[in-house]
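A.B. asks: Input structure: input_21.cif, which contains mmCIF, C-alpha atoms.
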```cif
data_data
loop_
_atom_site.group_PDB
_atom_site.id
_atom_site.type_symbol
_atom_site.label_atom_id
_atom_site.label_comp_id
_atom_site.auth_asym_id
_atom_site.auth_seq_id
_atom_site.Cartn_x
_atom_site.Cartn_y
_atom_site.Cartn_z
ATOM 1 C CA MET Z 125 -62.530 -96.525 102.622
ATOM 2 C CA THR Z 126 -58.764 -96.395 102.625
ATOM 3 C CA ILE Z 127 -56.775 -93.729 104.358
ATOM 4 C CA GLU Z 128 -55.522 -92.476 100.969
ATOM 5 C CA ALA Z 129 -59.064 -92.104 99.622
ATOM 6 C CA SER Z 130 -60.118 -90.241 102.746
ATOM 7 C CA LEU Z 131 -57.205 -87.799 102.404
ATOM 8 C CA VAL Z 132 -57.996 -87.170 98.730
ATOM 9 C CA GLY Z 133 -61.624 -86.408 99.592
ATOM 10 C CA LYS Z 134 -60.594 -83.946 102.290
ATOM 11 C CA SER Z 135 -58.150 -82.228 99.916
ATOM 12 C CA LYS Z 136 -60.842 -81.729 97.278
ATOM 13 C CA GLU Z 137 -63.196 -80.257 99.881
ATOM 14 C CA THR Z 138 -60.453 -77.890 101.100
ATOM 15 C CA ILE Z 139 -59.791 -76.731 97.530
ATOM 16 C CA ARG Z 140 -63.515 -76.050 96.953
ATOM 17 C CA GLN Z 141 -63.731 -73.949 100.132
ATOM 18 C CA ALA Z 142 -60.594 -72.006 99.182
ATOM 19 C CA ASN Z 143 -62.035 -71.247 95.732
ATOM 20 C CA LYS Z 144 -65.233 -69.937 97.318
ATOM 21 C CA ILE Z 145 -63.236 -67.595 99.551
ATOM 22 C CA ILE Z 146 -61.190 -66.340 96.584
ATOM 23 C CA ARG Z 147 -64.321 -65.680 94.497
ATOM 24 C CA LYS Z 148 -65.942 -63.853 97.422
ATOM 25 C CA LYS Z 149 -62.911 -61.627 97.886
ATOM 26 C CA LYS Z 150 -62.901 -60.731 94.189
ATOM 27 C CA CYS Z 151 -66.548 -59.674 94.372
ATOM 28 C CA THR Z 152 -66.080 -57.602 97.516
ATOM 29 C CA LYS Z 153 -65.373 -53.926 96.836
ATOM 30 C CA THR Z 154 -62.792 -52.223 98.983
ATOM 31 C CA LYS Z 155 -64.383 -49.475 101.083
ATOM 32 C CA ARG Z 156 -62.465 -46.229 100.992
ATOM 33 C CA ILE Z 157 -62.199 -44.283 104.188
ATOM 34 C CA HIS Z 158 -63.377 -40.703 103.588
ATOM 35 C CA ARG Z 159 -60.849 -38.223 104.889
ATOM 36 C CA PRO Z 160 -62.221 -34.653 105.048
ATOM 37 C CA GLU Z 161 -60.195 -32.230 102.999
ATOM 38 C CA ILE Z 162 -58.245 -29.660 104.993
ATOM 39 C CA SER Z 163 -57.656 -26.097 103.806
ATOM 40 C CA ILE Z 164 -54.407 -24.613 105.104
ATOM 41 C CA SER Z 165 -55.840 -21.103 104.757
ATOM 42 C CA LEU Z 166 -59.018 -22.022 106.640
ATOM 43 C CA GLN Z 167 -57.017 -23.677 109.391
ATOM 44 C CA LYS Z 168 -54.844 -20.557 109.614
ATOM 45 C CA LEU Z 169 -57.986 -18.429 109.924
ATOM 46 C CA PHE Z 170 -59.324 -20.658 112.688
ATOM 47 C CA ILE Z 171 -56.085 -20.498 114.698
ATOM 48 C CA ALA Z 172 -55.929 -16.701 114.346
ATOM 49 C CA CYS Z 173 -59.547 -16.360 115.535
ATOM 50 C CA LYS Z 174 -58.875 -18.653 118.474
ATOM 51 C CA ASP Z 175 -55.906 -16.527 119.514
ATOM 52 C CA MET Z 176 -57.622 -13.213 118.887
ATOM 53 C CA PHE Z 177 -61.148 -13.438 120.279
ATOM 54 C CA LYS Z 178 -61.035 -13.547 124.074
ATOM 55 C CA GLY Z 179 -64.750 -13.436 124.835
ATOM 56 C CA PRO Z 180 -67.646 -10.980 125.268
ATOM 57 C CA GLY Z 181 -66.789 -7.381 126.067
ATOM 58 C CA ILE Z 182 -63.224 -7.597 124.718
ATOM 59 C CA VAL Z 183 -62.464 -5.785 121.457
ATOM 60 C CA PRO Z 184 -59.380 -7.243 119.733
ATOM 61 C CA PRO Z 185 -56.345 -4.922 119.614
ATOM 62 C CA SER Z 186 -55.454 -3.256 116.323
ATOM 63 C CA PRO Z 187 -52.459 -5.540 115.485
ATOM 64 C CA ASP Z 188 -54.690 -8.619 115.798
ATOM 65 C CA VAL Z 189 -57.391 -7.007 113.669
ATOM 66 C CA GLN Z 190 -54.876 -6.204 110.934
ATOM 67 C CA ARG Z 191 -53.472 -9.726 111.086
ATOM 68 C CA LEU Z 192 -56.911 -11.277 110.600
ATOM 69 C CA GLN Z 193 -57.693 -8.840 107.790
ATOM 70 C CA ARG Z 194 -54.554 -9.937 105.938
ATOM 71 C CA ILE Z 195 -55.488 -13.591 106.306
ATOM 72 C CA LEU Z 196 -59.004 -12.967 105.006
ATOM 73 C CA ASP Z 197 -57.830 -10.719 102.165
ATOM 74 C CA ASN Z 198 -55.698 -13.595 100.855
ATOM 75 C CA MET Z 199 -58.435 -16.219 101.090
ATOM 76 C CA GLU Z 200 -60.303 -17.462 98.023
ATOM 77 C CA PRO Z 201 -63.644 -19.220 97.456
ATOM 78 C CA GLU Z 202 -61.831 -22.509 96.925
ATOM 79 C CA ASP Z 203 -60.662 -22.386 100.556
ATOM 80 C CA PHE Z 204 -64.293 -23.099 101.451
ATOM 81 C CA GLY Z 205 -65.019 -25.538 98.633
ATOM 82 C CA LEU Z 206 -66.744 -22.859 96.525
ATOM 83 C CA SER Z 207 -66.406 -21.963 92.853
ATOM 84 C CA SER Z 208 -67.987 -19.458 90.480
ATOM 85 C CA ASN Z 209 -68.863 -22.437 88.282
ATOM 86 C CA LEU Z 210 -71.422 -23.772 90.777
ATOM 87 C CA VAL Z 211 -75.031 -23.698 89.589
ATOM 88 C CA PHE Z 212 -76.029 -21.325 92.412
ATOM 89 C CA PHE Z 213 -73.799 -18.592 90.993
ATOM 90 C CA ASN Z 214 -75.081 -19.143 87.440
ATOM 91 C CA PRO Z 215 -78.884 -19.082 87.693
ATOM 92 C CA ARG Z 216 -80.620 -19.934 84.431
ATOM 93 C CA SER Z 217 -83.777 -17.962 85.215
ATOM 94 C CA ALA Z 218 -84.991 -15.216 87.515
ATOM 95 C CA ILE Z 219 -86.255 -16.264 90.928
ATOM 96 C CA LYS Z 220 -89.983 -15.746 91.454
ATOM 97 C CA GLY Z 221 -91.161 -14.209 94.701
ATOM 98 C CA THR Z 222 -88.932 -13.432 97.663
ATOM 99 C CA PRO Z 223 -85.538 -15.144 97.294
ATOM 100 C CA SER Z 224 -84.554 -17.484 100.101
ATOM 101 C CA ILE Z 225 -81.168 -16.870 101.712
ATOM 102 C CA LYS Z 226 -79.050 -19.842 102.754
ATOM 103 C CA TYR Z 227 -76.406 -19.841 105.438
ATOM 104 C CA THR Z 228 -73.970 -22.385 106.770
ATOM 105 C CA THR Z 229 -71.902 -22.465 109.947
ATOM 106 C CA ILE Z 230 -68.321 -23.566 109.430
ATOM 107 C CA TYR Z 231 -67.444 -23.337 113.101
ATOM 108 C CA GLN Z 232 -68.836 -21.845 116.303
ATOM 109 C CA CYS Z 233 -67.757 -21.662 119.920
ATOM 110 C CA LYS Z 234 -68.489 -19.225 122.746
ATOM 111 C CA ASN Z 235 -65.868 -16.727 121.519
ATOM 112 C CA PHE Z 236 -66.395 -16.620 117.747
ATOM 113 C CA SER Z 237 -68.166 -18.118 114.770
ATOM 114 C CA LEU Z 238 -67.444 -18.553 111.057
ATOM 115 C CA CYS Z 239 -70.512 -18.409 108.781
ATOM 116 C CA ILE Z 240 -71.151 -18.081 105.050
ATOM 117 C CA PHE Z 241 -74.316 -16.490 103.655
ATOM 118 C CA PHE Z 242 -75.527 -17.338 100.148
ATOM 119 C CA LEU Z 243 -77.706 -14.667 98.558
ATOM 120 C CA PRO Z 244 -79.406 -15.191 95.180
ATOM 121 C CA PRO Z 245 -79.867 -12.105 92.964
ATOM 122 C CA THR Z 246 -82.049 -9.356 94.555
ATOM 123 C CA ALA Z 247 -82.035 -11.087 97.970
ATOM 124 C CA VAL Z 248 -81.849 -8.713 100.938
ATOM 125 C CA ILE Z 249 -80.611 -9.073 104.496
ATOM 126 C CA PRO Z 250 -82.237 -5.977 106.071
ATOM 127 C CA LEU Z 251 -80.470 -3.505 108.325
ATOM 128 C CA HIS Z 252 -79.434 -5.323 111.493
ATOM 129 C CA ASN Z 253 -76.977 -4.776 114.324
ATOM 130 C CA HIS Z 254 -74.143 -6.720 115.962
ATOM 131 C CA PRO Z 255 -74.323 -5.934 119.705
ATOM 132 C CA GLU Z 256 -70.960 -5.986 121.514
ATOM 133 C CA MET Z 257 -69.422 -7.741 118.529
ATOM 134 C CA THR Z 258 -66.425 -7.285 116.241
ATOM 135 C CA VAL Z 259 -67.271 -8.568 112.765
ATOM 136 C CA PHE Z 260 -65.135 -9.250 109.695
ATOM 137 C CA SER Z 261 -67.028 -9.532 106.401
ATOM 138 C CA LYS Z 262 -65.348 -11.040 103.343
ATOM 139 C CA LEU Z 263 -67.200 -11.084 100.009
ATOM 140 C CA LEU Z 264 -66.128 -14.356 98.396
ATOM 141 C CA LEU Z 265 -68.130 -14.330 95.165
ATOM 142 C CA GLY Z 266 -70.458 -11.984 93.308
ATOM 143 C CA SER Z 267 -71.515 -8.358 93.705
ATOM 144 C CA MET Z 268 -73.357 -6.898 96.665
ATOM 145 C CA HIS Z 269 -74.665 -3.511 97.742
ATOM 146 C CA ILE Z 270 -73.818 -2.712 101.353
ATOM 147 C CA LYS Z 271 -75.366 0.082 103.388
ATOM 148 C CA SER Z 272 -74.161 0.621 106.941
ATOM 149 C CA TYR Z 273 -74.667 3.010 109.839
ATOM 150 C CA ASP Z 274 -73.349 3.786 113.312
ATOM 151 C CA LEU Z 275 -75.684 5.209 115.923
ATOM 152 C CA VAL Z 276 -74.962 8.760 117.026
ATOM 153 C CA ASN Z 277 -74.870 8.750 120.814
ATOM 154 C CA SER Z 278 -75.188 12.509 121.346
ATOM 155 C CA VAL Z 279 -78.794 13.701 121.347
ATOM 156 C CA THR Z 280 -79.403 17.044 119.662
ATOM 157 C CA SER Z 281 -82.395 19.351 119.930
ATOM 158 C CA ASP Z 282 -83.190 18.443 116.320
ATOM 159 C CA GLU Z 283 -83.337 14.774 117.217
ATOM 160 C CA LEU Z 284 -85.643 15.452 120.167
ATOM 161 C CA THR Z 285 -88.256 16.810 117.758
ATOM 162 C CA GLN Z 286 -88.440 13.391 116.105
ATOM 163 C CA SER Z 287 -90.311 10.343 117.342
ATOM 164 C CA SER Z 288 -88.663 8.703 120.354
ATOM 165 C CA LYS Z 289 -88.616 5.458 118.331
ATOM 166 C CA LEU Z 290 -86.137 6.932 115.864
ATOM 167 C CA ARG Z 291 -82.382 7.006 116.416
ATOM 168 C CA LEU Z 292 -79.991 9.302 114.595
ATOM 169 C CA ALA Z 293 -77.286 7.384 112.751
ATOM 170 C CA ARG Z 294 -74.208 8.282 110.734
ATOM 171 C CA MET Z 295 -73.914 6.505 107.395
ATOM 172 C CA LYS Z 296 -70.631 4.647 106.905
ATOM 173 C CA ALA Z 297 -71.148 2.917 103.546
ATOM 174 C CA ASP Z 298 -73.599 2.968 100.666
ATOM 175 C CA ASN Z 299 -71.782 1.230 97.820
ATOM 176 C CA VAL Z 300 -71.659 -1.825 95.583
ATOM 177 C CA PHE Z 301 -68.761 -4.206 96.212
ATOM 178 C CA THR Z 302 -67.570 -6.916 93.853
ATOM 179 C CA ALA Z 303 -65.365 -9.874 94.766
ATOM 180 C CA PRO Z 304 -62.452 -9.971 95.159
ATOM 181 C CA CYS Z 305 -62.351 -6.966 97.474
ATOM 182 C CA ASN Z 306 -60.867 -6.024 100.828
ATOM 183 C CA THR Z 307 -62.293 -7.361 104.063
ATOM 184 C CA SER Z 308 -64.475 -4.925 105.994
ATOM 185 C CA VAL Z 309 -64.408 -4.682 109.784
ATOM 186 C CA LEU Z 310 -67.077 -3.351 112.112
ATOM 187 C CA TYR Z 311 -66.828 -2.794 115.853
ATOM 188 C CA PRO Z 312 -69.395 -2.615 118.682
ATOM 189 C CA THR Z 313 -69.935 1.141 118.208
ATOM 190 C CA SER Z 314 -68.146 2.014 114.973
ATOM 191 C CA GLY Z 315 -67.237 0.860 111.490
ATOM 192 C CA GLY Z 316 -70.866 0.437 110.402
ATOM 193 C CA ASN Z 317 -72.181 -1.885 113.129
ATOM 194 C CA ILE Z 318 -75.675 -1.733 111.615
ATOM 195 C CA HIS Z 319 -75.617 -2.908 108.019
ATOM 196 C CA ALA Z 320 -77.740 -4.316 105.204
ATOM 197 C CA PHE Z 321 -76.793 -6.604 102.291
ATOM 198 C CA THR Z 322 -78.521 -6.545 98.904
ATOM 199 C CA ALA Z 323 -77.350 -9.044 96.291
ATOM 200 C CA VAL Z 324 -76.715 -7.498 92.885
ATOM 201 C CA THR Z 325 -75.732 -10.928 91.556
ATOM 202 C CA ALA Z 326 -75.706 -14.315 93.257
ATOM 203 C CA CYS Z 327 -73.072 -13.941 95.937
ATOM 204 C CA ALA Z 328 -71.460 -15.517 98.973
ATOM 205 C CA VAL Z 329 -70.150 -13.582 101.961
ATOM 206 C CA LEU Z 330 -68.153 -14.889 104.899
ATOM 207 C CA ASP Z 331 -68.822 -13.409 108.331
ATOM 208 C CA VAL Z 332 -66.419 -13.843 111.231
ATOM 209 C CA LEU Z 333 -68.242 -12.792 114.398
ATOM 210 C CA GLY Z 334 -66.595 -12.374 117.759
ATOM 211 C CA PRO Z 335 -68.418 -13.176 119.922
ATOM 212 C CA PRO Z 336 -71.346 -14.787 118.052
ATOM 213 C CA TYR Z 337 -74.996 -13.878 118.545
ATOM 214 C CA SER Z 338 -76.473 -15.179 121.795
ATOM 215 C CA LYS Z 339 -79.949 -14.259 122.968
ATOM 216 C CA ASP Z 340 -79.235 -15.705 126.410
ATOM 217 C CA ASP Z 341 -76.205 -13.400 126.779
ATOM 218 C CA GLY Z 342 -78.008 -10.276 125.555
ATOM 219 C CA ARG Z 343 -76.603 -10.345 122.016
ATOM 220 C CA ASP Z 344 -79.809 -10.838 120.059
ATOM 221 C CA CYS Z 345 -80.130 -9.421 116.533
ATOM 222 C CA THR Z 346 -82.191 -6.233 116.137
ATOM 223 C CA TYR Z 347 -83.566 -5.135 112.764
ATOM 224 C CA TYR Z 348 -84.089 -1.584 111.540
ATOM 225 C CA ARG Z 349 -85.575 0.488 108.751
ATOM 226 C CA ASP Z 350 -83.978 3.754 107.737
ATOM 227 C CA PHE Z 351 -85.470 7.122 106.830
ATOM 228 C CA PRO Z 352 -83.762 10.014 105.038
ATOM 229 C CA TYR Z 353 -82.350 12.947 106.946
ATOM 230 C CA SER Z 354 -83.155 16.347 105.421
ATOM 231 C CA SER Z 355 -80.319 17.826 103.362
ATOM 232 C CA SER Z 356 -80.166 21.037 105.397
ATOM 233 C CA SER Z 357 -80.150 19.178 108.724
ATOM 234 C CA ASN Z 358 -77.596 16.740 107.342
ATOM 235 C CA ALA Z 359 -75.184 19.571 106.493
ATOM 236 C CA MET Z 360 -75.602 21.127 109.940
ATOM 237 C CA MET Z 361 -75.101 17.806 111.702
ATOM 238 C CA ALA Z 362 -72.024 16.997 109.641
ATOM 239 C CA LYS Z 363 -70.438 20.310 110.521
ATOM 240 C CA ALA Z 364 -71.217 19.858 114.216
ATOM 241 C CA ASP Z 365 -69.797 16.341 114.012
ATOM 242 C CA GLY Z 366 -66.546 17.645 112.526
ATOM 243 C CA ASN Z 367 -66.989 15.699 109.282
ATOM 244 C CA ASP Z 368 -68.246 17.752 106.379
ATOM 245 C CA ASP Z 369 -68.559 14.637 104.188
ATOM 246 C CA ALA Z 370 -70.734 12.661 106.624
ATOM 247 C CA SER Z 371 -74.303 11.644 105.798
ATOM 248 C CA TYR Z 372 -77.014 10.811 108.304
ATOM 249 C CA GLY Z 373 -80.321 9.010 108.563
ATOM 250 C CA TRP Z 374 -83.004 8.021 111.037
ATOM 251 C CA LEU Z 375 -83.193 4.385 112.164
ATOM 252 C CA GLU Z 376 -86.271 2.731 113.625
ATOM 253 C CA GLU Z 377 -86.273 -0.668 115.328
ATOM 254 C CA ILE Z 378 -88.634 -3.162 113.701
ATOM 255 C CA ASP Z 379 -89.685 -6.761 114.169
ATOM 256 C CA VAL Z 380 -88.010 -9.452 112.096
ATOM 257 C CA PRO Z 381 -89.292 -8.725 108.562
ATOM 258 C CA LYS Z 382 -91.902 -11.288 107.489
ATOM 259 C CA GLU Z 383 -90.417 -11.459 104.004
ATOM 260 C CA LEU Z 384 -86.990 -12.469 105.335
ATOM 261 C CA ARG Z 385 -86.379 -16.152 104.600
ATOM 262 C CA MET Z 386 -83.165 -17.686 105.879
ATOM 263 C CA ASP Z 387 -82.520 -21.429 105.787
ATOM 264 C CA ARG Z 388 -79.595 -23.238 107.333
ATOM 265 C CA VAL Z 389 -77.674 -25.775 105.251
ATOM 266 C CA ASP Z 390 -74.883 -28.158 106.189
ATOM 267 C CA TYR Z 391 -71.315 -27.050 105.591
ATOM 268 C CA MET Z 392 -69.744 -29.406 103.035
ATOM 269 C CA GLY Z 393 -66.413 -27.662 102.469
ATOM 270 C CA PRO Z 394 -62.923 -28.320 103.838
ATOM 271 C CA GLN Z 395 -62.944 -29.154 107.517
ATOM 272 C CA ILE Z 396 -61.289 -27.463 110.478
ATOM 273 C CA VAL Z 397 -59.034 -29.467 112.732
ATOM 274 C CA GLU Z 398 -60.716 -28.486 115.965
ATOM 275 C CA THR Z 399 -58.874 -27.577 119.124
ATOM 276 C CA ASN Z 400 -60.236 -26.414 122.454
ATOM 277 C CA CYS Z 401 -61.998 -23.042 122.309
#
```
Let me see the file written as C-alpha cells.

C.D. replies:
Amino acid sequence: MTIEASLVGKSKETIRQANKIIRKKKCTKTKRIHRPEISISLQKLFIACKDMFKGPGIVPPSPDVQRLQRILDNMEPEDFGLSSNLVFFNPRSAIKGTPSIKYTTIYQCKNFSLCIFFLPPTAVIPLHNHPEMTVFSKLLLGSMHIKSYDLVNSVTSDELTQSSKLRLARMKADNVFTAPCNTSVLYPTSGGNIHAFTAVTACAVLDVLGPPYSKDDGRDCTYYRDFPYSSSSNAMMAKADGNDDASYGWLEEIDVPKELRMDRVDYMGPQIVETNC
C-alpha cells in the first residue's frame, strides 16, 4: 500500500468518526439547570423574621410587630406559589367523612417558623394554644371562621364553684374572615392565644410562629374544648373586668382529638435564600 492510499484511508475513517460525534450531539438533549424561583416578598418576610425573633421568652417590641404586619398585609398567594385557580380551592364535590388538613413548612429554625395550612371546606383545627409564642396569622385564600380566647388569670369565687379542670377564658374573636384581610397577631398571654379554625370554604392560612413549637423546650401544643358561660355571670364578669362588651367561656384541656387529621406535604413554592438563624 502506498503512503497516499494509507492517508486517504485514515482521512475517511476520521470523517466517519466525526459524523458519528455530530449525530450523537444532535440527538442529545440539553439538560436545563432548575433554578428555584425567588419571591422578593417572601425573602423580605424571612429577613424581617430573622431580625425580629430573638428566641424563647422574648416578645418582639411593638415597632417590629407593626413592621411584620405591614409586610404580611401586602403579601399575596402568588408569593407562595398559590392561586385561587388551583384544584384544591375549587372542589368539584363534597368531601366524605372527616376532611384531612395539609400543612407545609416553608422555613424553620430555633427562633421562628413559617408554615401554611390547607383546610378543605368544613375542616376544623380545634382550639389549641401557643405557649410562650408570638404568632402572626395571614389568611391567603378562602373564608374561615376563627374563634379565640385568652385565659383569665384571676380566679373568682364563681370560678371556684366549677370543676378544677375548667379554666375561665375571655373571648377575643368569633367571626368569619375572608381573604384578603388584615393579619392577626396573638401574644403569649393576649390577643387570642388559644384559637380554632373552621374552614367555610377551601382556604389557606399562613402562620408565622416565634418561637416554633418544641416539646423538648416545653412548648407543646395543648387542645381545648369550650363551654358556654351563663349570660348573667358573663355580664357580671365583664363589668368586673372593666369591659362591658367582653364575652367569656369555660375551657377544658383535652387530648389530641381523634378526628383531627393533619398530613405534612413538601413545600413547592418560591424558595428562601437561607442565611444563618

A.B. asks: Sorted by chain and rising residue number, which residues of range 290-353 of chain Z lie within 7 Å of range 245-255 of chain Z, and what are their closest atom pairs and distances in Å to one decimal, counting only C-alpha atoms, as CSV?

C.D. replies:
```
residue,atom,partner,partner_atom,distance
Z:Pro312,CA,Z:Pro255,CA,6.0
Z:Asn317,CA,Z:Asn253,CA,5.7
Z:Ile318,CA,Z:Asn253,CA,4.3
Z:His319,CA,Z:Leu251,CA,4.9
Z:Ala320,CA,Z:Leu251,CA,4.2
Z:Phe321,CA,Z:Ile249,CA,5.1
Z:Thr322,CA,Z:Val248,CA,4.5
Z:Ala323,CA,Z:Thr246,CA,5.0
Z:Val324,CA,Z:Pro245,CA,5.6
Z:Thr325,CA,Z:Pro245,CA,4.5
Z:Ala326,CA,Z:Pro245,CA,4.7
Z:Arg343,CA,Z:Pro255,CA,5.5
Z:Cys345,CA,Z:Asn253,CA,6.0
Z:Thr346,CA,Z:His252,CA,5.5
Z:Tyr347,CA,Z:His252,CA,4.3
Z:Tyr348,CA,Z:Leu251,CA,5.2
Z:Arg349,CA,Z:Leu251,CA,6.5
```

A.B. asks: Dump as a compact mmCIF listing (two decimals) with C-alpha atoms, in the coordinates of the input all residues having an atom at most 10 Å from (-68.6, -24.3, 112.9), computed in the file's coordinates with only C-alpha atoms.

C.D. replies:
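Written file, point_23.txt:
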```
# COMPACT_ATOMS: atom_id res chain seq x y z
CA PHE Z 170 -59.32 -20.66 112.69
CA THR Z 228 -73.97 -22.38 106.77
CA THR Z 229 -71.90 -22.46 109.95
CA ILE Z 230 -68.32 -23.57 109.43
CA TYR Z 231 -67.44 -23.34 113.10
CA GLN Z 232 -68.84 -21.84 116.30
CA CYS Z 233 -67.76 -21.66 119.92
CA PHE Z 236 -66.40 -16.62 117.75
CA SER Z 237 -68.17 -18.12 114.77
CA LEU Z 238 -67.44 -18.55 111.06
CA CYS Z 239 -70.51 -18.41 108.78
CA ASP Z 390 -74.88 -28.16 106.19
CA TYR Z 391 -71.32 -27.05 105.59
CA GLN Z 395 -62.94 -29.15 107.52
CA ILE Z 396 -61.29 -27.46 110.48
CA GLU Z 398 -60.72 -28.49 115.96
```

A.B. asks: Residues at most 12 Å from Gln190 in chain Z, counting all atoms listed in the file, excluding those fewer than 5 positions away in the same chain, as a VMD selection string?

C.D. replies: chain Z and resid 172 176 184 to 185 195 to 197 260 306 to 309

A.B. asks: Would you kindly translate the PyMOL selection byres ((chain Z and resi 316) around 8) into the concrete residues it picks from this file, as a compact mmCIF listing (two decimals) with C-alpha atoms, keeping the file's coordinate frame?

C.D. replies:
```txt
# COMPACT_ATOMS: atom_id res chain seq x y z
CA SER Z 272 -74.16 0.62 106.94
CA TYR Z 273 -74.67 3.01 109.84
CA ASP Z 274 -73.35 3.79 113.31
CA MET Z 295 -73.91 6.50 107.40
CA LYS Z 296 -70.63 4.65 106.90
CA ALA Z 297 -71.15 2.92 103.55
CA LEU Z 310 -67.08 -3.35 112.11
CA TYR Z 311 -66.83 -2.79 115.85
CA THR Z 313 -69.94 1.14 118.21
CA SER Z 314 -68.15 2.01 114.97
CA GLY Z 315 -67.24 0.86 111.49
CA ASN Z 317 -72.18 -1.88 113.13
CA ILE Z 318 -75.68 -1.73 111.62
CA HIS Z 319 -75.62 -2.91 108.02
```

A.B. asks: Can you work out the spacing between CA of Glu377 in chain Z and CA of Leu290 in chain Z in Å, to one decimal?

C.D. replies: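 Result for CA of Glu377 in chain Z versus CA of Leu290 in chain Z: 7.6 Å, one decimal.
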
A.B. asks: Give me the residues near Ile182 in chain Z as a PDB file with C-alpha atoms, in the coordinates of the input, where near means some atom within 10 Å (using all atoms listed in the file) and where sequence neighbours in that chain fewer than 6 positions away do not count.

C.D. replies:
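Done, and the output landed in selection-v8.pdb:
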```
ATOM      1  CA  MET Z 176     -57.622 -13.213 118.887  1.00  0.00           C
ATOM      2  CA  GLU Z 256     -70.960  -5.986 121.514  1.00  0.00           C
ATOM      3  CA  MET Z 257     -69.422  -7.741 118.529  1.00  0.00           C
ATOM      4  CA  THR Z 258     -66.425  -7.285 116.241  1.00  0.00           C
ATOM      5  CA  PRO Z 312     -69.395  -2.615 118.682  1.00  0.00           C
ATOM      6  CA  GLY Z 334     -66.595 -12.374 117.759  1.00  0.00           C
ATOM      7  CA  PRO Z 335     -68.418 -13.176 119.922  1.00  0.00           C
TER       8      PRO Z 335
END
```

A.B. asks: Box time for range 385-395 of chain Z: axis-aligned, enclosing all its listed atoms, 5 Å extra on each side; report centre and edge lengths in Å to one decimal, as lines of an AutoDock Vina configuration file.

C.D. replies:
```
center_x = -74.7
center_y = -22.8
center_z = 105.0
size_x = 33.5
size_y = 23.3
size_z = 15.0
```

A.B. asks: Could you tell me which of Z:Met268, Z:Val300, Z:Leu243, Z:Val183 comes closest to Leu384 in chain Z if we count only C-alpha atoms?

C.D. replies: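 Looking only at the distances to Leu384 in chain Z, the closest residue turns out to be Z:Leu243.
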
A.B. asks: Given the choices Z:Asp175, Z:Cys327, Z:Asn299, Z:Leu263, which gets closest to Val211 in chain Z if the distance is worked out from only C-alpha atoms?

C.D. replies: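 With only C-alpha atoms as the atom set, the closest residue is Z:Cys327.
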
A.B. asks: Between CA of Phe241 in chain Z and CA of Lys226 in chain Z, what is the spacing in Å?

C.D. replies: 5.9 Å

A.B. asks: Check the smallest atom-to-atom distance from each of Z:Asp387, Z:Asn235, Z:Leu192, Z:Met199 to Tyr337 in chain Z using only C-alpha atoms, then report the winner.

C.D. replies: Z:Asn235

A.B. asks: What gap, in Å, lies between CA of Val332 in chain Z and CA of Gln193 in chain Z?

C.D. replies: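 Going from CA of Val332 in chain Z over to CA of Gln193 in chain Z, I get 10.6 Å.
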
A.B. asks: Select, from Z:Val380, Z:Cys305, Z:Ile240, Z:Leu292, the residue with the minimum atom-to-atom distance to Pro352 in chain Z, counting all atoms listed in the file.

C.D. replies: Z:Leu292

A.B. asks: For N, CA, C and O atoms, please extract range 264-273 of chain Z from the block and return it as a PDB file, in the first residue's frame.

C.D. replies:
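Writing the result to selection00.pdb gives the following:
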```
ATOM      1  N   LEU Z 264     -54.606  33.596  53.365  1.00  0.00           N
ATOM      2  CA  LEU Z 264     -54.171  33.838  51.990  1.00  0.00           C
ATOM      3  C   LEU Z 264     -55.304  33.660  50.986  1.00  0.00           C
ATOM      4  O   LEU Z 264     -55.426  34.427  50.024  1.00  0.00           O
ATOM      5  N   LEU Z 265     -56.112  32.626  51.196  1.00  0.00           N
ATOM      6  CA  LEU Z 265     -57.199  32.316  50.268  1.00  0.00           C
ATOM      7  C   LEU Z 265     -58.377  31.739  51.035  1.00  0.00           C
ATOM      8  O   LEU Z 265     -58.208  31.028  52.032  1.00  0.00           O
ATOM      9  N   GLY Z 266     -59.591  32.038  50.564  1.00  0.00           N
ATOM     10  CA  GLY Z 266     -60.785  31.434  51.126  1.00  0.00           C
ATOM     11  C   GLY Z 266     -61.389  32.181  52.291  1.00  0.00           C
ATOM     12  O   GLY Z 266     -60.982  33.294  52.636  1.00  0.00           O
ATOM     13  N   SER Z 267     -62.392  31.523  52.910  1.00  0.00           N
ATOM     14  CA  SER Z 267     -63.092  32.081  54.072  1.00  0.00           C
ATOM     15  C   SER Z 267     -62.977  31.108  55.242  1.00  0.00           C
ATOM     16  O   SER Z 267     -63.056  29.889  55.065  1.00  0.00           O
ATOM     17  N   MET Z 268     -62.804  31.679  56.426  1.00  0.00           N
ATOM     18  CA  MET Z 268     -62.564  30.862  57.611  1.00  0.00           C
ATOM     19  C   MET Z 268     -63.203  31.496  58.838  1.00  0.00           C
ATOM     20  O   MET Z 268     -63.144  32.714  59.017  1.00  0.00           O
ATOM     21  N   HIS Z 269     -63.824  30.653  59.665  1.00  0.00           N
ATOM     22  CA  HIS Z 269     -64.338  31.126  60.945  1.00  0.00           C
ATOM     23  C   HIS Z 269     -63.252  30.949  61.993  1.00  0.00           C
ATOM     24  O   HIS Z 269     -62.639  29.877  62.096  1.00  0.00           O
ATOM     25  N   ILE Z 270     -62.992  31.998  62.747  1.00  0.00           N
ATOM     26  CA  ILE Z 270     -61.966  31.957  63.787  1.00  0.00           C
ATOM     27  C   ILE Z 270     -62.600  32.283  65.130  1.00  0.00           C
ATOM     28  O   ILE Z 270     -63.283  33.308  65.281  1.00  0.00           O
ATOM     29  N   LYS Z 271     -62.378  31.413  66.097  1.00  0.00           N
ATOM     30  CA  LYS Z 271     -62.792  31.668  67.472  1.00  0.00           C
ATOM     31  C   LYS Z 271     -61.533  31.645  68.324  1.00  0.00           C
ATOM     32  O   LYS Z 271     -60.700  30.739  68.194  1.00  0.00           O
ATOM     33  N   SER Z 272     -61.386  32.655  69.186  1.00  0.00           N
ATOM     34  CA  SER Z 272     -60.172  32.707  70.006  1.00  0.00           C
ATOM     35  C   SER Z 272     -60.481  33.184  71.414  1.00  0.00           C
ATOM     36  O   SER Z 272     -61.455  33.916  71.649  1.00  0.00           O
ATOM     37  N   TYR Z 273     -59.625  32.756  72.341  1.00  0.00           N
ATOM     38  CA  TYR Z 273     -59.762  33.098  73.753  1.00  0.00           C
ATOM     39  C   TYR Z 273     -58.394  33.451  74.345  1.00  0.00           C
ATOM     40  O   TYR Z 273     -57.350  33.046  73.822  1.00  0.00           O
TER      41      TYR Z 273
END
```
